[in-house]
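Input: a single structure, listed below in structure tokens.
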Amino acid sequence: MPLRMSSLFLRTLRDDPADAEVASHKLLVRAGYIRRAAPGGYTWLPLGLRVKNKVENIVREEMNAIGGQEVHFPALLPKEPYEATGRWEDYGDGIFRLQDRSGSDFLLAPTHEELFTLLVKDHYSSYKDLPVYLYQIQTKYRDEARPRAGLLRVREFIMKDSYSFTIDQDGLNEAYDKHRLAYVRIFERLGLEVVAVQAMAGAMGGSRSEEFLHPSAAGEDTFVESPGGYRANVEAVDTVVPETIDYTEAPAAEVKDTPVSTTIAALVEVANELAPKDNGSWEASETLKCVVLTAVLDGGERQLFVVAVPGDREVDVKRLEAFIPDALGVAGEPEVEPATHDDIAKHANLVPGYIGPTLLQDGNAIPMLGTKSQTGIPFFVDPRIVSGSSWVTGANQDQKHVFGLVADRDFTWDAVIEATAVRDGDPAPDGSGPLATRRGMEMGHIFQLGRKYAEALDLKVLDEHGKQVVVTMGSYGIGISRAVAALAEAHHDDKGLIWPMNVAPAHVHIVATGKDDEIFEAAEEFATKLEAAGVEVLYDDRRKAQAGVKFSDAELIGVPLHLIVGRGLAKGTLELKDRHADTREDIPLDDALDHVVALVRKYQNSQG
RNA sequence: CGGGACGUAGCUCAGCUUGGUAGAGCGCGCGCUUUGGGAGCGUGAGGUCGCAGGUUCAAAUCCUGUCGUCCCGACCA
């Protein structure tokens, strides 16, 4: 049966909703696909639900095709599994917590690693049972500080999450590659352009990881791209390390007066005035900025450390947080924040504004930063600080800087650490040229989790030698509701939505115009024939609505093909509008069925 | 969590400065006309003015608080 506009639960809106900013939000609301019901929560209306279900089914088919088995967990979960992995705490304000009548703690699941792990633990205990891939399509909850942009960032959303359980890393690699290919196919079939970018494992605690981003100005993620095809999230770019420099001939470091130069900009200005360079002028990139930071450990203890970066670059706190537990040798996921005046005041040797790795005094070079130095403060450097590189940096004396301080000769460090964000124009790791930055929406993310969750929840199986081994896991997600928004964002024009055939709420929108019964009878008959041929029809059978209203609604709703049954009928023709090709043609009634069916099939196949 | 803007009918908005019985357009009902690009005329239904306090004879309007929305930033698989 075709969907009939006369009875469809739908009210299109003439004006953009006042609270909408991005195109997908405006159009999905105006065309009657979704309706806001709560802060960060949307109701799926009949048309929207059809699109959402189609997206889900494509995902489901491709997951099944790689051997995935669908299960379904509750969204309301007890806290214990999440406590076992530390995420009850780690998620902070990011999850919804609640209590039942007896006071027991629950949460609305933001993701289900723990539950999948426990499920496999319940059932399996031998390597012979592995590999196994399980997935679900589930509502997830996150207490977003700022829901925005309609379905793009919400507090309740639908996600496909799958998990692979394998006996070893080889198995994980295979599972990862299969998911990767499945994801490429899924987005092809959806008609959504995505690029796979290298990602940081982040809170998930894994190793290899890629994000599938839909390039879009409305996206919230930034990634970089090289001419040679290297792509990575800005957080995950490996800094290109410069060649080390032979410093045997380098002049000795020299302390100079640099009054009132506690910022890099001021330092460069003062240096050019008071200590001019032989050739050219000093640049910020030649200075070494020693930034004092604090890691707030899980116990609340504040651990001071210093990171040195080229003066023209900013420290990226988020990046640091990924590397700092290793660098400091601490457990948990400490937060990194700028050191406070109190933090710094505890170290009498630190001269704020003039901090540097070395104090030159009476011909001696005294290390001031590093665990084995005067201060004992851990000291890390950006990868650009290579052996032999020469810097202008703080002299650890008020109003003085040291010039020509050479790395490895005049100072050392505890570890090299990725501490700065990548910039447009930075060299690409693949050596193919400068990196360019672009924006994208995160549509999917695949991770090699490794053994973190299996270890925390004690998921072990017996291997072929009868020995207990920890299972290796991978985790793979696709945002279903976000994909609907991204599709709307990617496929629309000034008149309305234009869905790809595979996700459209219907394949053909039949518009009957006029008032004669013959027209509606012919339209009805044609709709029935199309449906019999397996084509989904949205039929505008409204008798009173004017043609203009029907055309506008059809364009707004965005079914890709419109078939107009109206004034052409007298001479035996129908009018076919193709919203993707932006064409219209009159076709003879006799050929129309075959023609339309063929066109629908063509679009379905061209999208996968 | 910081900075800014805004909450009045299903939707888009006016009214608030200067307190005095709640408004328009679209949408919805009914009637007539119109009928291939959001048509016209007539006639209706529909609102605790986000919520809670306060000031006042009287509050959509003034004050305080609170909740929510949007934008920028922070945060965020």
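Identifiers for the structure tokens are assigned positionally: chains receive A, B, ... in sequence, residues are indexed from 1 per chain, and ligands are indexed from 1 in the order shown.
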- Task: Select all residues from chain A having any atom no more than 9 Å from an atom of chain B (counting only C-alpha atoms (C1' of nucleotides), ignoring ligands), output as an MDAnalysis selection string.
- Result: chainID A and resid 11 13:21 39 94 144:145 148 201:204 445 477 513:515 544:553 566:567
Please, could you write that set of residues out with N, CA and C atoms as a CSV table (one decimal), in the first residue's frame?
chain,number,residue,atom,x,y,z
A,11,ARG,N,2.9,17.2,9.1
A,11,ARG,CA,2.5,18.6,8.9
A,11,ARG,C,3.8,19.3,8.5
A,13,LEU,N,6.2,22.5,7.6
A,13,LEU,CA,6.2,23.9,8.1
A,13,LEU,C,6.7,24.8,7.0
A,14,ARG,N,6.1,26.0,7.0
A,14,ARG,CA,6.5,26.9,5.9
A,14,ARG,C,7.8,27.7,6.3
A,15,ASP,N,8.0,27.9,7.6
A,15,ASP,CA,9.1,28.6,8.1
A,15,ASP,C,10.1,27.7,8.8
A,16,ASP,N,11.4,28.1,8.7
A,16,ASP,CA,12.4,27.4,9.5
A,16,ASP,C,12.1,27.6,11.0
A,17,PRO,N,12.3,26.5,11.7
A,17,PRO,CA,12.2,26.6,13.2
A,17,PRO,C,13.2,27.6,13.7
A,18,ALA,N,12.8,28.4,14.7
A,18,ALA,CA,13.6,29.5,15.2
A,18,ALA,C,14.9,29.0,15.8
A,19,ASP,N,14.9,27.8,16.4
A,19,ASP,CA,16.1,27.3,17.1
A,19,ASP,C,17.0,26.5,16.3
A,20,ALA,N,16.8,26.5,15.0
A,20,ALA,CA,17.6,25.7,14.1
A,20,ALA,C,18.6,26.5,13.4
A,21,GLU,N,19.8,26.0,13.3
A,21,GLU,CA,20.9,26.7,12.6
A,21,GLU,C,21.4,26.0,11.4
A,39,PRO,N,15.4,18.4,25.7
A,39,PRO,CA,16.7,19.0,25.4
A,39,PRO,C,17.6,17.9,24.9
A,94,GLY,N,29.7,13.1,32.0
A,94,GLY,CA,29.2,12.7,30.7
A,94,GLY,C,28.1,11.7,30.6
A,144,GLU,N,25.3,15.4,27.3
A,144,GLU,CA,26.1,16.5,26.6
A,144,GLU,C,25.9,17.8,27.3
A,145,ALA,N,27.0,18.5,27.4
A,145,ALA,CA,26.8,19.9,28.0
A,145,ALA,C,26.0,20.8,27.1
A,148,ARG,N,23.2,20.3,20.3
A,148,ARG,CA,23.1,21.3,19.2
A,148,ARG,C,22.9,20.7,17.9
A,201,ALA,N,43.1,6.8,20.1
A,201,ALA,CA,42.3,5.8,20.8
A,201,ALA,C,41.5,6.5,22.0
A,202,GLY,N,42.1,7.5,22.6
A,202,GLY,CA,41.5,8.2,23.6
A,202,GLY,C,40.9,7.4,24.8
A,203,ALA,N,39.7,7.8,25.2
A,203,ALA,CA,39.2,7.2,26.4
A,203,ALA,C,38.9,5.7,26.3
A,204,MET,N,38.9,5.2,25.0
A,204,MET,CA,38.6,3.8,24.9
A,204,MET,C,39.8,2.9,25.2
A,445,HIS,N,33.6,5.0,14.0
A,445,HIS,CA,34.9,4.9,14.7
A,445,HIS,C,35.2,3.5,14.9
A,477,GLY,N,31.9,1.5,16.0
A,477,GLY,CA,30.6,2.2,16.1
A,477,GLY,C,30.2,3.0,14.9
A,513,THR,N,-2.6,16.1,-9.6
A,513,THR,CA,-3.1,17.5,-9.6
A,513,THR,C,-4.3,17.6,-10.4
A,514,GLY,N,-5.2,18.6,-10.0
A,514,GLY,CA,-6.4,18.7,-10.7
A,514,GLY,C,-7.6,18.3,-9.8
A,515,LYS,N,-8.8,18.3,-10.4
A,515,LYS,CA,-9.9,17.9,-9.6
A,515,LYS,C,-10.7,16.7,-10.2
A,544,LYS,N,-8.2,18.5,-2.0
A,544,LYS,CA,-8.4,19.9,-1.8
A,544,LYS,C,-7.1,20.8,-2.0
A,545,ALA,N,-6.0,20.2,-1.7
A,545,ALA,CA,-4.7,20.9,-1.7
A,545,ALA,C,-4.4,21.4,-3.1
A,546,GLN,N,-3.9,22.6,-3.2
A,546,GLN,CA,-3.6,23.1,-4.5
A,546,GLN,C,-2.3,22.5,-5.1
A,547,ALA,N,-2.2,22.5,-6.4
A,547,ALA,CA,-1.0,21.9,-7.0
A,547,ALA,C,0.3,22.5,-6.4
A,548,GLY,N,0.3,23.8,-6.3
A,548,GLY,CA,1.5,24.5,-5.8
A,548,GLY,C,1.9,24.0,-4.4
A,549,VAL,N,0.9,23.8,-3.6
A,549,VAL,CA,1.2,23.3,-2.2
A,549,VAL,C,1.8,21.9,-2.3
A,550,LYS,N,1.2,21.0,-3.2
A,550,LYS,CA,1.7,19.7,-3.3
A,550,LYS,C,3.1,19.6,-3.9
A,551,PHE,N,3.4,20.5,-4.9
A,551,PHE,CA,4.8,20.5,-5.4
A,551,PHE,C,5.8,21.0,-4.3
A,552,SER,N,5.4,22.0,-3.6
A,552,SER,CA,6.3,22.5,-2.6
A,552,SER,C,6.6,21.4,-1.5
A,553,ASP,N,5.5,20.7,-1.1
A,553,ASP,CA,5.7,19.7,-0.1
A,553,ASP,C,6.6,18.6,-0.6
A,566,GLY,N,-1.5,14.7,-14.0
A,566,GLY,CA,-2.3,15.8,-14.0
A,566,GLY,C,-2.7,16.2,-15.5
A,567,ARG,N,-2.5,17.4,-15.8
A,567,ARG,CA,-3.0,17.9,-17.1
A,567,ARG,C,-2.5,17.1,-18.3
- Contact residues around Val307 (chain A) with only C-alpha atoms (C1' of nucleotides) at 6 Å, ignoring same-chain residues under 4 positions, as a PyMOL selection string: chain A and resi 290-291+379-381
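CA of Asp591 (chain A) to CA of Glu531 (chain A) spans 16.2 Å [interatomic distance, one decimal].
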- Message: Give me, as number ranges by chain, all polymer residues having an atom no more than 6 Å from Val392 (chain A), counting only C-alpha atoms (C1' of nucleotides) and skipping those fewer than 6 positions away in the same chain.
- Response: A: 287-288, 402-404
Taking all heavy atoms for each residue, export the selection above as an mmCIF file, in the first residue's frame.
data_model
loop_
_atom_site.group_PDB
_atom_site.id
_atom_site.type_symbol
_atom_site.label_atom_id
_atom_site.label_comp_id
_atom_site.auth_asym_id
_atom_site.auth_seq_id
_atom_site.Cartn_x
_atom_site.Cartn_y
_atom_site.Cartn_z
ATOM 1 N N THR A 287 62.418 30.248 19.525
ATOM 2 C CA THR A 287 62.412 30.276 20.990
ATOM 3 C C THR A 287 61.843 28.968 21.523
ATOM 4 O O THR A 287 61.118 28.264 20.828
ATOM 5 C CB THR A 287 61.546 31.443 21.516
ATOM 6 O OG1 THR A 287 60.177 31.177 21.195
ATOM 7 C CG2 THR A 287 61.979 32.757 20.896
ATOM 8 N N LEU A 288 62.229 28.681 22.735
ATOM 9 C CA LEU A 288 61.739 27.464 23.382
ATOM 10 C C LEU A 288 60.849 27.887 24.541
ATOM 11 O O LEU A 288 61.310 28.506 25.498
ATOM 12 C CB LEU A 288 62.923 26.640 23.889
ATOM 13 C CG LEU A 288 62.598 25.243 24.387
ATOM 14 C CD1 LEU A 288 62.141 24.361 23.225
ATOM 15 C CD2 LEU A 288 63.827 24.619 25.057
ATOM 16 N N VAL A 402 68.566 32.915 27.718
ATOM 17 C CA VAL A 402 69.807 32.352 27.211
ATOM 18 C C VAL A 402 69.655 32.117 25.716
ATOM 19 O O VAL A 402 68.602 31.662 25.253
ATOM 20 C CB VAL A 402 70.201 31.073 27.988
ATOM 21 C CG1 VAL A 402 69.081 30.050 27.936
ATOM 22 C CG2 VAL A 402 71.486 30.468 27.435
ATOM 23 N N PHE A 403 70.686 32.479 24.968
ATOM 24 C CA PHE A 403 70.672 32.346 23.502
ATOM 25 C C PHE A 403 71.616 31.220 23.097
ATOM 26 O O PHE A 403 72.695 31.064 23.672
ATOM 27 C CB PHE A 403 71.112 33.661 22.849
ATOM 28 C CG PHE A 403 70.074 34.762 22.973
ATOM 29 C CD1 PHE A 403 69.726 35.279 24.208
ATOM 30 C CD2 PHE A 403 69.452 35.263 21.840
ATOM 31 C CE1 PHE A 403 68.774 36.287 24.327
ATOM 32 C CE2 PHE A 403 68.498 36.270 21.942
ATOM 33 C CZ PHE A 403 68.146 36.779 23.189
ATOM 34 N N GLY A 404 71.187 30.450 22.099
ATOM 35 C CA GLY A 404 72.052 29.383 21.599
ATOM 36 C C GLY A 404 72.166 28.201 22.536
ATOM 37 O O GLY A 404 73.195 27.527 22.594
#
- Task: Could you give me the residues within region 398-473 of chain A that DSSP places in strand (DSSP E or B), as a PyMOL selection string?
- Result: chain A and resi 400-407+411+415-416+420+427+434+436-450+460-462+468-470+472-473
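With CA of Phe9 (chain A) on one side and CA of Ala504 (chain A) on the other, the separation reads 16.9 Å.
The residues of region 309-355 of chain A that DSSP classifies as helix (DSSP H, G or I), using the backbone of this structure, are Val317, Lys318, Arg319, Leu320, Glu321, Ala322, Phe323, Ile324, Pro325, Asp326, Ala327, Leu328, His341, Asp342, Asp343, Ile344 and Ala345 of chain A.
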- Item | 12 Å contact set for Asp246 (chain A), only C-alpha atoms (C1' of nucleotides), chain neighbours under 2 positions out, as a ChimeraX atom specification | /A:243-244,248-251,386-390,406-409
May I have the selected residues written with N, CA and C atoms, as a CSV table (one decimal), in the first residue's frame?
chain,number,residue,atom,x,y,z
A,243,GLU,N,65.6,16.5,11.2
A,243,GLU,CA,66.9,15.8,11.3
A,243,GLU,C,67.6,16.3,12.5
A,244,THR,N,68.4,15.4,13.1
A,244,THR,CA,69.2,15.9,14.2
A,244,THR,C,70.4,16.7,13.6
A,248,THR,N,78.8,20.1,17.0
A,248,THR,CA,80.2,20.2,17.5
A,248,THR,C,80.8,21.6,17.2
A,249,GLU,N,80.3,22.3,16.2
A,249,GLU,CA,80.8,23.6,15.9
A,249,GLU,C,79.9,24.7,16.5
A,250,ALA,N,78.8,24.4,17.1
A,250,ALA,CA,77.9,25.4,17.6
A,250,ALA,C,78.5,26.3,18.6
A,251,PRO,N,78.3,27.6,18.6
A,251,PRO,CA,78.8,28.5,19.6
A,251,PRO,C,78.2,28.2,20.9
A,386,VAL,N,65.0,18.5,18.6
A,386,VAL,CA,65.9,17.4,18.3
A,386,VAL,C,67.3,17.7,18.8
A,387,SER,N,68.0,16.7,18.9
A,387,SER,CA,69.4,16.8,19.3
A,387,SER,C,70.2,17.8,18.4
A,388,GLY,N,70.8,18.8,19.0
A,388,GLY,CA,71.6,19.7,18.2
A,388,GLY,C,70.8,21.0,17.8
A,389,SER,N,69.5,21.0,18.0
A,389,SER,CA,68.8,22.2,17.7
A,389,SER,C,69.1,23.3,18.8
A,390,SER,N,69.1,24.5,18.3
A,390,SER,CA,69.6,25.6,19.2
A,390,SER,C,68.4,26.6,19.5
A,406,VAL,N,71.7,24.6,23.2
A,406,VAL,CA,71.7,23.5,22.3
A,406,VAL,C,71.1,22.2,23.0
A,407,ALA,N,70.1,21.7,22.3
A,407,ALA,CA,69.5,20.4,22.9
A,407,ALA,C,70.6,19.3,22.8
A,408,ASP,N,70.6,18.5,23.9
A,408,ASP,CA,71.5,17.4,24.0
A,408,ASP,C,72.9,17.8,24.5
A,409,ARG,N,73.3,19.1,24.2
A,409,ARG,CA,74.6,19.5,24.7
A,409,ARG,C,74.4,20.3,26.0
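C1' of G4 (chain B) is positioned 27.1 Å from C1' of G54 (chain B).
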- Query: Neighbours of C63 (chain B) within 12 Å (only C-alpha atoms (C1' of nucleotides); same-chain residues fewer than 3 positions away dropped), as a PyMOL selection string?
  - Reply: chain B and resi 53-56+59
- Near region 339-345 of chain A, counting only C-alpha atoms (C1' of nucleotides), which residues have an atom at most 8 Å away, once you skip same-chain residues fewer than 5 positions from it, shown as an NGL selection string? :A and (292-294 or 304 or 350 or 352)
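Comparing A:Tyr133, A:Tyr127, A:Trp88, A:Tyr230 by their smallest distance to His465 (chain A), the closest is A:Tyr127 (using only C-alpha atoms).
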- Item | Distance query U43 (chain B) at most 12 Å, only C-alpha atoms (C1' of nucleotides), self and fewer than 2 positions along chain excluded, as a ChimeraX atom specification | /B:29-32,41,45
Mind dumping the selected residues with all heavy atoms as a compact mmCIF listing (two decimals), in the first residue's frame?
# COMPACT_ATOMS: atom_id res chain seq x y z
P G B 29 -8.74 21.38 8.47
OP1 G B 29 -8.95 19.96 8.11
OP2 G B 29 -8.44 22.38 7.41
O5' G B 29 -10.00 21.91 9.27
C5' G B 29 -10.53 21.13 10.31
C4' G B 29 -11.80 21.76 10.82
O4' G B 29 -11.50 23.02 11.47
C3' G B 29 -12.82 22.16 9.76
O3' G B 29 -13.57 21.05 9.29
C2' G B 29 -13.68 23.15 10.52
O2' G B 29 -14.55 22.49 11.42
C1' G B 29 -12.61 23.89 11.34
N9 G B 29 -12.17 25.14 10.70
C8 G B 29 -10.98 25.40 10.08
N7 G B 29 -10.90 26.63 9.62
C5 G B 29 -12.13 27.20 9.96
C6 G B 29 -12.64 28.50 9.72
O6 G B 29 -12.08 29.45 9.16
N1 G B 29 -13.92 28.65 10.22
C2 G B 29 -14.64 27.67 10.86
N2 G B 29 -15.86 27.99 11.26
N3 G B 29 -14.17 26.45 11.09
C4 G B 29 -12.91 26.28 10.62
P C B 30 -14.11 21.02 7.82
OP1 C B 30 -14.75 19.69 7.64
OP2 C B 30 -13.05 21.47 6.89
O5' C B 30 -15.22 22.15 7.85
C5' C B 30 -16.43 21.95 8.58
C4' C B 30 -17.30 23.19 8.47
O4' C B 30 -16.63 24.32 9.10
C3' C B 30 -17.55 23.68 7.04
O3' C B 30 -18.54 22.94 6.37
C2' C B 30 -17.95 25.12 7.30
O2' C B 30 -19.27 25.21 7.80
C1' C B 30 -16.98 25.50 8.42
N1 C B 30 -15.76 26.12 7.86
C2 C B 30 -15.79 27.49 7.57
O2 C B 30 -16.83 28.12 7.80
N3 C B 30 -14.69 28.08 7.05
C4 C B 30 -13.60 27.37 6.82
N4 C B 30 -12.54 28.00 6.30
C5 C B 30 -13.53 25.97 7.10
C6 C B 30 -14.63 25.38 7.61
P G B 31 -18.40 22.74 4.79
OP1 G B 31 -19.41 21.72 4.42
OP2 G B 31 -16.98 22.55 4.43
O5' G B 31 -18.85 24.15 4.23
C5' G B 31 -20.17 24.62 4.48
C4' G B 31 -20.36 26.00 3.90
O4' G B 31 -19.54 26.95 4.63
C3' G B 31 -19.88 26.18 2.46
O3' G B 31 -20.81 25.68 1.51
C2' G B 31 -19.72 27.69 2.38
O2' G B 31 -20.97 28.34 2.26
C1' G B 31 -19.13 28.00 3.76
N9 G B 31 -17.67 28.05 3.72
C8 G B 31 -16.77 27.04 4.03
N7 G B 31 -15.53 27.41 3.89
C5 G B 31 -15.60 28.73 3.45
C6 G B 31 -14.58 29.67 3.14
O6 G B 31 -13.36 29.50 3.16
N1 G B 31 -15.10 30.90 2.73
C2 G B 31 -16.45 31.18 2.66
N2 G B 31 -16.75 32.40 2.25
N3 G B 31 -17.41 30.33 2.95
C4 G B 31 -16.92 29.13 3.34
P C B 32 -20.27 25.10 0.13
OP1 C B 32 -21.43 24.46 -0.53
OP2 C B 32 -19.03 24.32 0.36
O5' C B 32 -19.88 26.40 -0.69
C5' C B 32 -20.89 27.25 -1.21
C4' C B 32 -20.30 28.55 -1.69
O4' C B 32 -19.54 29.17 -0.61
C3' C B 32 -19.28 28.46 -2.82
O3' C B 32 -19.87 28.26 -4.09
C2' C B 32 -18.59 29.80 -2.69
O2' C B 32 -19.39 30.85 -3.19
C1' C B 32 -18.47 29.93 -1.17
N1 C B 32 -17.19 29.37 -0.69
C2 C B 32 -16.07 30.20 -0.78
O2 C B 32 -16.19 31.35 -1.25
N3 C B 32 -14.87 29.73 -0.38
C4 C B 32 -14.77 28.48 0.12
N4 C B 32 -13.58 28.06 0.50
C5 C B 32 -15.91 27.62 0.21
C6 C B 32 -17.09 28.12 -0.19
P C B 41 -8.51 38.00 1.00
OP1 C B 41 -8.12 39.40 1.24
OP2 C B 41 -7.92 36.92 1.83
O5' C B 41 -10.09 37.86 1.09
C5' C B 41 -10.91 38.73 0.36
C4' C B 41 -12.36 38.30 0.49
O4' C B 41 -12.54 37.00 -0.15
C3' C B 41 -12.84 38.06 1.91
O3' C B 41 -13.15 39.26 2.60
C2' C B 41 -14.06 37.18 1.67
O2' C B 41 -15.15 37.94 1.19
C1' C B 41 -13.54 36.28 0.54
N1 C B 41 -12.96 35.04 1.09
C2 C B 41 -13.82 33.97 1.40
O2 C B 41 -15.05 34.11 1.19
N3 C B 41 -13.32 32.84 1.91
C4 C B 41 -12.01 32.74 2.12
N4 C B 41 -11.55 31.59 2.63
C5 C B 41 -11.11 33.80 1.82
C6 C B 41 -11.61 34.92 1.32
P A B 45 -14.71 31.30 18.47
OP1 A B 45 -15.61 31.39 19.64
OP2 A B 45 -13.81 32.42 18.13
O5' A B 45 -13.84 29.98 18.62
C5' A B 45 -14.48 28.71 18.79
C4' A B 45 -13.47 27.61 18.61
O4' A B 45 -13.00 27.62 17.24
C3' A B 45 -12.20 27.76 19.44
O3' A B 45 -12.38 27.29 20.76
C2' A B 45 -11.21 26.91 18.65
O2' A B 45 -11.41 25.53 18.90
C1' A B 45 -11.65 27.20 17.21
N9 A B 45 -10.85 28.27 16.60
C8 A B 45 -11.16 29.59 16.42
N7 A B 45 -10.22 30.27 15.80
C5 A B 45 -9.24 29.34 15.56
C6 A B 45 -7.98 29.43 14.93
N6 A B 45 -7.50 30.55 14.42
N1 A B 45 -7.24 28.30 14.86
C2 A B 45 -7.73 27.17 15.38
N3 A B 45 -8.90 26.97 15.99
C4 A B 45 -9.61 28.10 16.04
- If you count only C-alpha atoms, the residue of A:Pro131, A:Pro338, A:Pro110, A:Gly572 closest to Gly68 (chain A) turns out to be A:Pro131
